[in-house]
Each structure stands twice: as structure tokens, then as C-alpha cells.
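The file protein-v1.pdb contains PDB, C-alpha atoms:
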```
ATOM      1  CA  MET A   1      51.428 -14.763  33.335
ATOM      2  CA  GLU A   2      49.610 -11.437  33.595
ATOM      3  CA  PHE A   3      46.181 -10.947  35.096
ATOM      4  CA  LEU A   4      44.061  -8.131  33.671
ATOM      5  CA  LEU A   5      41.420  -6.678  35.925
ATOM      6  CA  GLY A   6      38.657  -4.260  35.049
ATOM      7  CA  LEU A   7      37.362  -1.417  37.196
ATOM      8  CA  ASP A   8      34.235   0.677  36.736
ATOM      9  CA  GLU A   9      31.676   2.551  38.787
ATOM     10  CA  ALA A  10      27.949   3.119  38.785
ATOM     11  CA  GLY A  11      26.210   6.120  40.265
ATOM     12  CA  ARG A  12      28.271   9.203  39.467
ATOM     13  CA  GLY A  13      25.291  11.088  38.048
ATOM     14  CA  PRO A  14      22.500  10.491  40.584
ATOM     15  CA  LEU A  15      21.314  13.060  43.115
ATOM     16  CA  ALA A  16      20.996  10.475  45.888
ATOM     17  CA  GLY A  17      22.542   7.317  47.267
ATOM     18  CA  PRO A  18      26.046   5.868  47.058
ATOM     19  CA  VAL A  19      28.527   5.507  44.256
ATOM     20  CA  CYS A  20      29.407   1.858  43.718
ATOM     21  CA  ALA A  21      32.430   0.336  41.963
ATOM     22  CA  GLY A  22      33.229  -3.129  40.708
ATOM     23  CA  CYS A  23      36.553  -4.863  40.134
ATOM     24  CA  VAL A  24      36.736  -8.102  38.115
ATOM     25  CA  ILE A  25      39.295 -10.585  36.835
ATOM     26  CA  LEU A  26      37.520 -12.817  34.326
ATOM     27  CA  SER A  27      38.012 -16.561  34.398
ATOM     28  CA  GLU A  28      39.580 -18.090  31.274
ATOM     29  CA  ASP A  29      36.362 -19.968  30.461
ATOM     30  CA  PHE A  30      34.014 -17.028  31.016
ATOM     31  CA  PRO A  31      31.267 -16.727  28.355
ATOM     32  CA  VAL A  32      32.145 -13.176  27.271
ATOM     33  CA  GLU A  33      29.320 -13.094  24.729
ATOM     34  CA  ILE A  34      26.927 -12.301  27.610
ATOM     35  CA  LEU A  35      28.833  -9.090  28.443
ATOM     36  CA  LYS A  36      28.200  -5.546  27.245
ATOM     37  CA  ASP A  37      28.369  -2.102  28.776
ATOM     38  CA  SER A  38      25.898  -2.417  31.668
ATOM     39  CA  LYS A  39      23.777   0.461  30.320
ATOM     40  CA  LYS A  40      23.160  -1.493  27.098
ATOM     41  CA  LEU A  41      21.857  -4.643  28.781
ATOM     42  CA  THR A  42      18.291  -5.258  29.905
ATOM     43  CA  PRO A  43      17.862  -5.748  33.664
ATOM     44  CA  LYS A  44      17.277  -9.482  33.109
ATOM     45  CA  LYS A  45      20.462  -9.892  31.030
ATOM     46  CA  ARG A  46      22.437  -7.863  33.586
ATOM     47  CA  GLN A  47      21.232 -10.157  36.366
ATOM     48  CA  ILE A  48      22.226 -13.262  34.381
ATOM     49  CA  ALA A  49      25.651 -11.776  33.671
ATOM     50  CA  GLU A  50      26.119 -10.726  37.308
ATOM     51  CA  ALA A  51      25.365 -14.251  38.543
ATOM     52  CA  ALA A  52      27.892 -15.727  36.088
ATOM     53  CA  ILE A  53      30.553 -13.162  37.049
ATOM     54  CA  LYS A  54      30.119 -13.860  40.759
ATOM     55  CA  GLU A  55      30.212 -17.616  40.192
ATOM     56  CA  LYS A  56      33.233 -17.814  37.874
ATOM     57  CA  CYS A  57      35.375 -14.705  38.363
ATOM     58  CA  CYS A  58      37.390 -12.999  41.054
ATOM     59  CA  TRP A  59      35.494  -9.837  41.949
ATOM     60  CA  GLY A  60      35.081  -7.073  44.500
ATOM     61  CA  ILE A  61      32.612  -4.277  45.248
ATOM     62  CA  GLY A  62      33.313  -0.874  46.794
ATOM     63  CA  LEU A  63      30.778   1.655  48.087
ATOM     64  CA  VAL A  64      31.045   5.297  49.128
ATOM     65  CA  ASP A  65      27.915   6.809  50.652
ATOM     66  CA  HIS A  66      26.165  10.117  49.942
ATOM     67  CA  GLU A  67      27.663  11.867  52.988
ATOM     68  CA  GLU A  68      31.231  11.109  51.931
ATOM     69  CA  ILE A  69      30.417  12.093  48.342
ATOM     70  CA  ASP A  70      29.392  15.519  49.690
ATOM     71  CA  LYS A  71      32.633  15.772  51.685
ATOM     72  CA  ILE A  72      35.201  14.669  49.093
ATOM     73  CA  ASN A  73      33.283  15.226  45.779
ATOM     74  CA  ILE A  74      31.983  12.624  43.355
ATOM     75  CA  LEU A  75      35.211  12.121  41.397
ATOM     76  CA  ASN A  76      37.238  11.392  44.539
ATOM     77  CA  ALA A  77      34.407   9.228  45.870
ATOM     78  CA  SER A  78      34.399   7.212  42.616
ATOM     79  CA  MET A  79      38.171   6.697  42.884
ATOM     80  CA  LYS A  80      37.800   5.608  46.518
ATOM     81  CA  ALA A  81      35.019   3.155  45.608
ATOM     82  CA  MET A  82      37.279   1.618  42.919
ATOM     83  CA  LYS A  83      40.122   1.300  45.425
ATOM     84  CA  LEU A  84      37.786  -0.443  47.885
ATOM     85  CA  ALA A  85      36.552  -2.795  45.139
ATOM     86  CA  PHE A  86      40.148  -3.608  44.198
ATOM     87  CA  GLU A  87      41.058  -4.310  47.835
ATOM     88  CA  MET A  88      38.065  -6.644  48.264
ATOM     89  CA  MET A  89      38.995  -8.485  45.059
ATOM     90  CA  MET A  90      42.621  -8.822  46.218
ATOM     91  CA  LYS A  91      41.482 -10.494  49.451
ATOM     92  CA  LYS A  92      39.631 -13.108  47.394
ATOM     93  CA  LEU A  93      42.406 -13.612  44.830
ATOM     94  CA  PRO A  94      44.504 -16.304  46.581
ATOM     95  CA  SER A  95      41.554 -18.649  47.156
ATOM     96  CA  TRP A  96      40.167 -17.966  43.657
ATOM     97  CA  CYS A  97      43.566 -18.807  42.131
ATOM     98  CA  GLU A  98      43.769 -22.007  44.192
ATOM     99  CA  LYS A  99      40.261 -23.043  43.105
ATOM    100  CA  ASN A 100      41.209 -22.457  39.454
ATOM    101  CA  ALA A 101      44.667 -24.111  39.714
ATOM    102  CA  LEU A 102      46.405 -20.800  38.966
ATOM    103  CA  PRO A 103      49.502 -19.310  40.566
ATOM    104  CA  VAL A 104      48.792 -16.340  42.817
ATOM    105  CA  PRO A 105      50.108 -13.322  40.902
ATOM    106  CA  SER A 106      52.579 -10.842  42.322
ATOM    107  CA  PRO A 107      51.623  -7.135  42.095
ATOM    108  CA  GLU A 108      53.892  -6.893  39.020
ATOM    109  CA  GLN A 109      51.756  -9.532  37.271
ATOM    110  CA  LEU A 110      48.559  -7.546  37.758
ATOM    111  CA  SER A 111      47.410  -4.745  35.505
ATOM    112  CA  ALA A 112      44.172  -2.821  35.618
ATOM    113  CA  ILE A 113      42.102  -0.859  33.170
ATOM    114  CA  THR A 114      39.429   1.570  34.238
ATOM    115  CA  ASP A 115      36.747   3.481  32.404
ATOM    116  CA  GLY A 116      37.231   7.242  32.358
ATOM    117  CA  THR A 117      40.064   9.744  32.476
ATOM    118  CA  LYS A 118      41.425   9.312  36.003
ATOM    119  CA  CYS A 119      43.010   6.263  37.621
ATOM    120  CA  PRO A 120      42.417   5.118  41.195
ATOM    121  CA  ASP A 121      45.354   4.735  43.569
ATOM    122  CA  ILE A 122      45.763   0.952  43.671
ATOM    123  CA  SER A 123      48.755  -1.330  44.160
ATOM    124  CA  CYS A 124      49.243  -2.463  40.565
ATOM    125  CA  LYS A 125      49.738  -0.972  37.108
ATOM    126  CA  VAL A 126      46.586   0.849  36.070
ATOM    127  CA  ARG A 127      45.545   2.827  33.030
ATOM    128  CA  CYS A 128      42.354   4.694  32.309
ATOM    129  CA  GLU A 129      40.581   4.888  28.999
ATOM    130  CA  PRO A 130      37.334   6.665  28.099
ATOM    131  CA  LYS A 131      34.631   4.242  26.916
ATOM    132  CA  ALA A 132      36.593   1.241  28.255
ATOM    133  CA  ASP A 133      33.270  -0.205  29.426
ATOM    134  CA  GLY A 134      32.365  -0.738  25.765
ATOM    135  CA  LYS A 135      35.727  -2.239  24.722
ATOM    136  CA  TYR A 136      37.119  -4.514  27.437
ATOM    137  CA  TYR A 137      35.217  -7.484  28.788
ATOM    138  CA  CYS A 138      36.692  -7.185  32.290
ATOM    139  CA  VAL A 139      35.540  -3.542  32.500
ATOM    140  CA  MET A 140      32.088  -4.510  31.203
ATOM    141  CA  ALA A 141      31.919  -7.122  33.968
ATOM    142  CA  ALA A 142      32.942  -4.544  36.583
ATOM    143  CA  SER A 143      30.276  -2.123  35.332
ATOM    144  CA  ILE A 144      27.616  -4.849  35.506
ATOM    145  CA  ILE A 145      28.278  -5.879  39.108
ATOM    146  CA  ALA A 146      28.561  -2.230  40.187
ATOM    147  CA  LYS A 147      25.248  -1.278  38.585
ATOM    148  CA  GLU A 148      23.401  -4.323  39.926
ATOM    149  CA  GLU A 149      24.700  -3.725  43.457
ATOM    150  CA  ARG A 150      23.746  -0.046  43.377
ATOM    151  CA  ASP A 151      20.293  -0.736  41.923
ATOM    152  CA  ARG A 152      19.590  -3.211  44.742
ATOM    153  CA  ILE A 153      20.624  -0.615  47.330
ATOM    154  CA  MET A 154      18.340   2.017  45.780
ATOM    155  CA  ILE A 155      15.410  -0.419  45.698
ATOM    156  CA  GLU A 156      15.946  -1.009  49.430
ATOM    157  CA  TYR A 157      16.005   2.765  50.007
ATOM    158  CA  ASP A 158      12.719   2.979  48.103
ATOM    159  CA  LYS A 159      11.141   0.835  50.827
ATOM    160  CA  LYS A 160      12.351   3.298  53.500
ATOM    161  CA  TYR A 161      11.526   6.466  51.550
ATOM    162  CA  PRO A 162       8.747   5.457  49.118
ATOM    163  CA  GLU A 163       7.697   9.045  48.385
ATOM    164  CA  TYR A 164      10.947   9.635  46.442
ATOM    165  CA  GLY A 165      10.450   6.853  43.883
ATOM    166  CA  TYR A 166      13.992   5.460  44.131
ATOM    167  CA  ALA A 167      12.988   2.053  42.733
ATOM    168  CA  ARG A 168      11.952   3.778  39.503
ATOM    169  CA  HIS A 169      14.752   6.261  38.844
ATOM    170  CA  LYS A 170      17.516   4.914  41.187
ATOM    171  CA  GLY A 171      18.302   8.473  42.283
ATOM    172  CA  TYR A 172      19.116   9.815  38.814
ATOM    173  CA  PRO A 173      18.060  13.426  38.067
ATOM    174  CA  THR A 174      14.793  12.679  36.302
ATOM    175  CA  PRO A 175      12.170  15.448  36.152
ATOM    176  CA  GLU A 176      10.091  13.389  38.621
ATOM    177  CA  HIS A 177      12.950  13.110  41.111
ATOM    178  CA  LYS A 178      13.855  16.796  40.930
ATOM    179  CA  LYS A 179      10.203  17.814  41.363
ATOM    180  CA  ILE A 180       9.805  15.600  44.462
ATOM    181  CA  CYS A 181      12.981  17.079  46.005
ATOM    182  CA  ARG A 182      11.775  20.631  45.377
ATOM    183  CA  GLN A 183       8.309  19.929  46.808
ATOM    184  CA  THR A 184       9.187  17.612  49.710
ATOM    185  CA  GLY A 185      12.777  18.572  50.430
ATOM    186  CA  PRO A 186      15.819  16.306  50.262
ATOM    187  CA  SER A 187      15.582  12.718  51.443
ATOM    188  CA  PRO A 188      17.986  11.392  54.113
ATOM    189  CA  ILE A 189      20.199   9.914  51.348
ATOM    190  CA  GLN A 190      20.294  13.008  49.155
ATOM    191  CA  ARG A 191      23.648  14.335  47.897
ATOM    192  CA  LEU A 192      23.309  17.871  49.147
ATOM    193  CA  THR A 193      26.166  19.294  47.035
ATOM    194  CA  PHE A 194      24.385  18.326  43.785
ATOM    195  CA  LYS A 195      22.104  20.751  41.928
ATOM    196  CA  TYR A 196      18.351  20.134  41.789
TER     197      TYR A 196
END
```
Will you turn the file into C-alpha cells for me?
Amino acid sequence: MEFLLGLDEAGRGPLAGPVCAGCVILSEDFPVEILKDSKKLTPKKRQIAEAAIKEKCCWGIGLVDHEEIDKINILNASMKAMKLAFEMMMKKLPSWCEKNALPVPSPEQLSAITDGTKCPDISCKVRCEPKADGKYYCVMAASIIAKEERDRIMIEYDKKYPEYGYARHKGYPTPEHKKICRQTGPSPIQRLTFKY
């Protein structure tokens, strides 16, 4: 029996905040019709899907903050976040398998697929594929939990730094965000190696 897990990240493009990754093994009875690429779902549908994923599936989240992004660059930070998400998911896997009356897989029985053109360094077979978040349900699920987690973090940052409007644009390089940074200066969670 082989277990397929999906990996994806949210937050490569923003000028502020962390990059967040998700890792998901879908349950056999998961209602895949509720899944799509996270960017193509409304916030309400993403929240419904996230709740179902966290209830039924084996999942993990990984975060790399803005300071480390500046130190190791966004690509390496994204790979690290995926590795952290995978490691969190692996810690949950034995109890999830027991709950679902499944044998705990060996590393040889695990395979991963990730969105993009570079694979993270994880302890199972992994392949990367551009646009995987629009083709594979497990990658869609990973993208959904990553995006929801990151959005929540940015909404919390908005409460600390309301002048930057993080609840609205989530740190992405909107004209509003760039203008605020130029006028006010960078916020404490700004990625200083990114162009404004």
C-alpha cells in the first residue's frame, strides 16, 4: 500500500510575513469535490475545506519567518517550510493510521508530490510538478491549509501594525502596500531583501 502526500506553500510573493507550507495525506473517504487550487476558492469555501482536511486527513504545517527568508532566500525558505510541514505530518502519522485502521507505512511506502520545479529534502520519494496544485487533490489540500494558516497570521499582524493594512492584502505587493512602505518605512515583519 502506498500513501501519496501533497506539499505546497503559500506566501512566496509577499513583501512581508512568513512563508507557510502544508503537507497532507487525504483520507480514503475525503470529499474531494470540495477541493481546488486554494487561489480559486472563496475564503468561505477554503475555510470549509480546511476544517474537513484537519478533521479527516493526516496533515502538517511548516513556517519560516521573514528574518530567515532574508537570510536564506525565499526559495530555500519555501523548501524548509515544506520539510517542516512534512516532519509535523510524520509525527501525526502513526496515530492517524491507528485511528483509520491502516498500517503505518514505511518510508518506502510514502511518496510525495509538490507544486513547482524544486523538491524539498524529505525522507521519502518526492517529485515536483508545475501546476500540481490544480491537478492533484492532496496538493490542493496542502495549498488550502497553508494559505489559511498564513492568512490568519497576517490578520493577527494587522492588529499589531494596523497602518500597513495586512488584513486586506496579506503582505502581497499591492500598490497600497508598496506606497505605505515607501511613506512609513518597513514594518517589523517586512522582508527587507524584497523590492518595493
I'd like to know which of A:Ala10, A:Cys124, A:Ile144, A:Met89 is closest to A:Lys44, using all atoms listed in the file. A:Ile144
Using the chain letters and numbers from the file, which residues does the PyMOL selection byres ((chain A and resi 47) around 12) grab, as a PDB file with C-alpha atoms, in the frame of the given file?
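Result file result.pdb:
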```
ATOM      1  CA  ILE A  34      26.927 -12.301  27.610  1.00  0.00           C
ATOM      2  CA  LEU A  35      28.833  -9.090  28.443  1.00  0.00           C
ATOM      3  CA  SER A  38      25.898  -2.417  31.668  1.00  0.00           C
ATOM      4  CA  LEU A  41      21.857  -4.643  28.781  1.00  0.00           C
ATOM      5  CA  THR A  42      18.291  -5.258  29.905  1.00  0.00           C
ATOM      6  CA  PRO A  43      17.862  -5.748  33.664  1.00  0.00           C
ATOM      7  CA  LYS A  44      17.277  -9.482  33.109  1.00  0.00           C
ATOM      8  CA  LYS A  45      20.462  -9.892  31.030  1.00  0.00           C
ATOM      9  CA  ARG A  46      22.437  -7.863  33.586  1.00  0.00           C
ATOM     10  CA  ILE A  48      22.226 -13.262  34.381  1.00  0.00           C
ATOM     11  CA  ALA A  49      25.651 -11.776  33.671  1.00  0.00           C
ATOM     12  CA  GLU A  50      26.119 -10.726  37.308  1.00  0.00           C
ATOM     13  CA  ALA A  51      25.365 -14.251  38.543  1.00  0.00           C
ATOM     14  CA  ALA A  52      27.892 -15.727  36.088  1.00  0.00           C
ATOM     15  CA  ILE A  53      30.553 -13.162  37.049  1.00  0.00           C
ATOM     16  CA  LYS A  54      30.119 -13.860  40.759  1.00  0.00           C
ATOM     17  CA  ALA A 141      31.919  -7.122  33.968  1.00  0.00           C
ATOM     18  CA  ILE A 144      27.616  -4.849  35.506  1.00  0.00           C
ATOM     19  CA  ILE A 145      28.278  -5.879  39.108  1.00  0.00           C
ATOM     20  CA  ALA A 146      28.561  -2.230  40.187  1.00  0.00           C
ATOM     21  CA  LYS A 147      25.248  -1.278  38.585  1.00  0.00           C
ATOM     22  CA  GLU A 148      23.401  -4.323  39.926  1.00  0.00           C
ATOM     23  CA  GLU A 149      24.700  -3.725  43.457  1.00  0.00           C
ATOM     24  CA  ASP A 151      20.293  -0.736  41.923  1.00  0.00           C
ATOM     25  CA  ARG A 152      19.590  -3.211  44.742  1.00  0.00           C
TER      26      ARG A 152
END
```
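Evaluated against the shown file, the PyMOL selection byres ((chain A and resi 91-100) around 10) gives A:Ile25, A:Ser27, A:Glu28, A:Lys56, A:Cys57, A:Cys58, A:Trp59, A:Gly60, A:Phe86, A:Glu87, A:Met88, A:Met89, A:Met90, A:Ala101, A:Leu102, A:Pro103, A:Val104, A:Pro105.
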Shell of 7 Å around A:Glu9, only C-alpha atoms, local chain residues under 6 positions omitted, as a list in words: Val19, Cys20, Ala21, Gly22, Ser78, Ser143 and Ala146 of chain A
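Relative to atom CA of A:Tyr196, atom CA of A:Lys178 is found at 5.7 Å.
If you measure from each of A:Lys179, A:Lys83, A:Lys36, A:Lys125 to A:Leu4 using only C-alpha atoms, the closest one turns out to be A:Lys125.
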Neighbourhood query: residues within 10 Å of (30.6, 5.9, 51.2), file coordinates, counting all atoms listed in the file; return as a ChimeraX atom specification. /A:17-20,62-70,77-78,80-81
Please put the answer as lines of an AutoDock Vina configuration file: centre and edge lengths, in Å with one decimal, of a box along x, y and z that encloses all listed atoms of stretch 64-83 of chain A plus 8 Å on each side.
```
center_x = 33.1
center_y = 8.5
center_z = 47.2
size_x = 30.0
size_y = 30.5
size_z = 27.6
```
For the atom pair atom CA of A:Ala142 and atom CA of A:Ile72, what is the interatomic distance in Å to one decimal place? 23.0 Å
Among listed residues A:Tyr164, A:Glu129, A:Gln109, A:Arg12, nearest A:Asn73 (using only C-alpha atoms): A:Arg12
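Between A:Cys181 and the residues A:Met140, A:Leu7, A:Ala16, A:Ile61, the shortest atom-to-atom distance, using only C-alpha atoms, involves A:Ala16.
Separating atom CA of A:Lys118 from atom CA of A:Arg150 is a distance of 21.3 Å.
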Is there a way to complete stretch 132-143 of chain A with all heavy atoms and then write that out as a short mmCIF file (atom, residue, chain, number, x, y, z; two decimals), in the coordinates of the input?
```cif
data_model
loop_
_atom_site.label_atom_id
_atom_site.label_comp_id
_atom_site.auth_asym_id
_atom_site.auth_seq_id
_atom_site.Cartn_x
_atom_site.Cartn_y
_atom_site.Cartn_z
N ALA A 132 36.04 2.60 28.05
CA ALA A 132 36.59 1.24 28.26
C ALA A 132 35.49 0.23 28.55
O ALA A 132 35.64 -0.96 28.26
CB ALA A 132 37.62 1.26 29.39
N ASP A 133 34.36 0.72 29.11
CA ASP A 133 33.27 -0.20 29.43
C ASP A 133 32.56 -0.73 28.18
O ASP A 133 31.73 -1.63 28.27
CB ASP A 133 32.26 0.43 30.39
CG ASP A 133 31.70 1.75 29.88
OD1 ASP A 133 32.13 2.23 28.81
OD2 ASP A 133 30.82 2.33 30.56
N GLY A 134 32.90 -0.20 27.02
CA GLY A 134 32.36 -0.74 25.76
C GLY A 134 33.39 -1.52 24.97
O GLY A 134 33.07 -2.06 23.91
N LYS A 135 34.65 -1.60 25.48
CA LYS A 135 35.73 -2.24 24.72
C LYS A 135 36.33 -3.47 25.39
O LYS A 135 36.77 -4.38 24.71
CB LYS A 135 36.87 -1.24 24.50
CG LYS A 135 36.54 -0.04 23.67
CD LYS A 135 37.78 0.86 23.59
CE LYS A 135 37.44 2.21 23.00
NZ LYS A 135 38.58 3.15 23.10
N TYR A 136 36.40 -3.46 26.71
CA TYR A 136 37.12 -4.51 27.44
C TYR A 136 36.13 -5.32 28.28
O TYR A 136 35.39 -4.77 29.09
CB TYR A 136 38.20 -3.89 28.34
CG TYR A 136 39.21 -3.08 27.57
CD1 TYR A 136 39.06 -1.70 27.47
CD2 TYR A 136 40.28 -3.69 26.94
CE1 TYR A 136 39.97 -0.94 26.75
CE2 TYR A 136 41.20 -2.94 26.22
CZ TYR A 136 41.04 -1.56 26.13
OH TYR A 136 41.94 -0.81 25.41
N TYR A 137 36.18 -6.63 28.10
CA TYR A 137 35.22 -7.48 28.79
C TYR A 137 35.33 -7.38 30.30
O TYR A 137 34.31 -7.38 31.01
CB TYR A 137 35.40 -8.94 28.36
CG TYR A 137 34.97 -9.21 26.94
CD1 TYR A 137 35.86 -9.74 26.00
CD2 TYR A 137 33.67 -8.93 26.52
CE1 TYR A 137 35.46 -9.98 24.69
CE2 TYR A 137 33.25 -9.17 25.21
CZ TYR A 137 34.16 -9.70 24.30
OH TYR A 137 33.77 -9.94 23.01
N CYS A 138 36.55 -7.26 30.83
CA CYS A 138 36.69 -7.18 32.29
C CYS A 138 36.09 -5.89 32.83
O CYS A 138 35.54 -5.87 33.95
CB CYS A 138 38.15 -7.35 32.72
SG CYS A 138 39.29 -6.14 32.01
N VAL A 139 36.15 -4.81 32.06
CA VAL A 139 35.54 -3.54 32.50
C VAL A 139 34.02 -3.63 32.39
O VAL A 139 33.29 -3.15 33.25
CB VAL A 139 36.10 -2.34 31.71
CG1 VAL A 139 35.47 -1.03 32.19
CG2 VAL A 139 37.62 -2.27 31.82
N MET A 140 33.54 -4.28 31.33
CA MET A 140 32.09 -4.51 31.20
C MET A 140 31.58 -5.28 32.43
O MET A 140 30.53 -4.94 32.99
CB MET A 140 31.78 -5.31 29.94
CG MET A 140 32.05 -4.59 28.65
SD MET A 140 31.77 -5.73 27.24
CE MET A 140 32.67 -4.87 25.96
N ALA A 141 32.32 -6.31 32.81
CA ALA A 141 31.92 -7.12 33.97
C ALA A 141 31.89 -6.27 35.24
O ALA A 141 30.96 -6.37 36.04
CB ALA A 141 32.87 -8.31 34.13
N ALA A 142 32.91 -5.42 35.41
CA ALA A 142 32.94 -4.54 36.58
C ALA A 142 31.76 -3.59 36.58
O ALA A 142 31.14 -3.33 37.63
CB ALA A 142 34.26 -3.77 36.61
N SER A 143 31.41 -3.06 35.41
CA SER A 143 30.28 -2.12 35.33
C SER A 143 28.96 -2.83 35.66
O SER A 143 28.08 -2.25 36.29
CB SER A 143 30.21 -1.44 33.95
OG SER A 143 29.60 -2.24 32.98
#
```
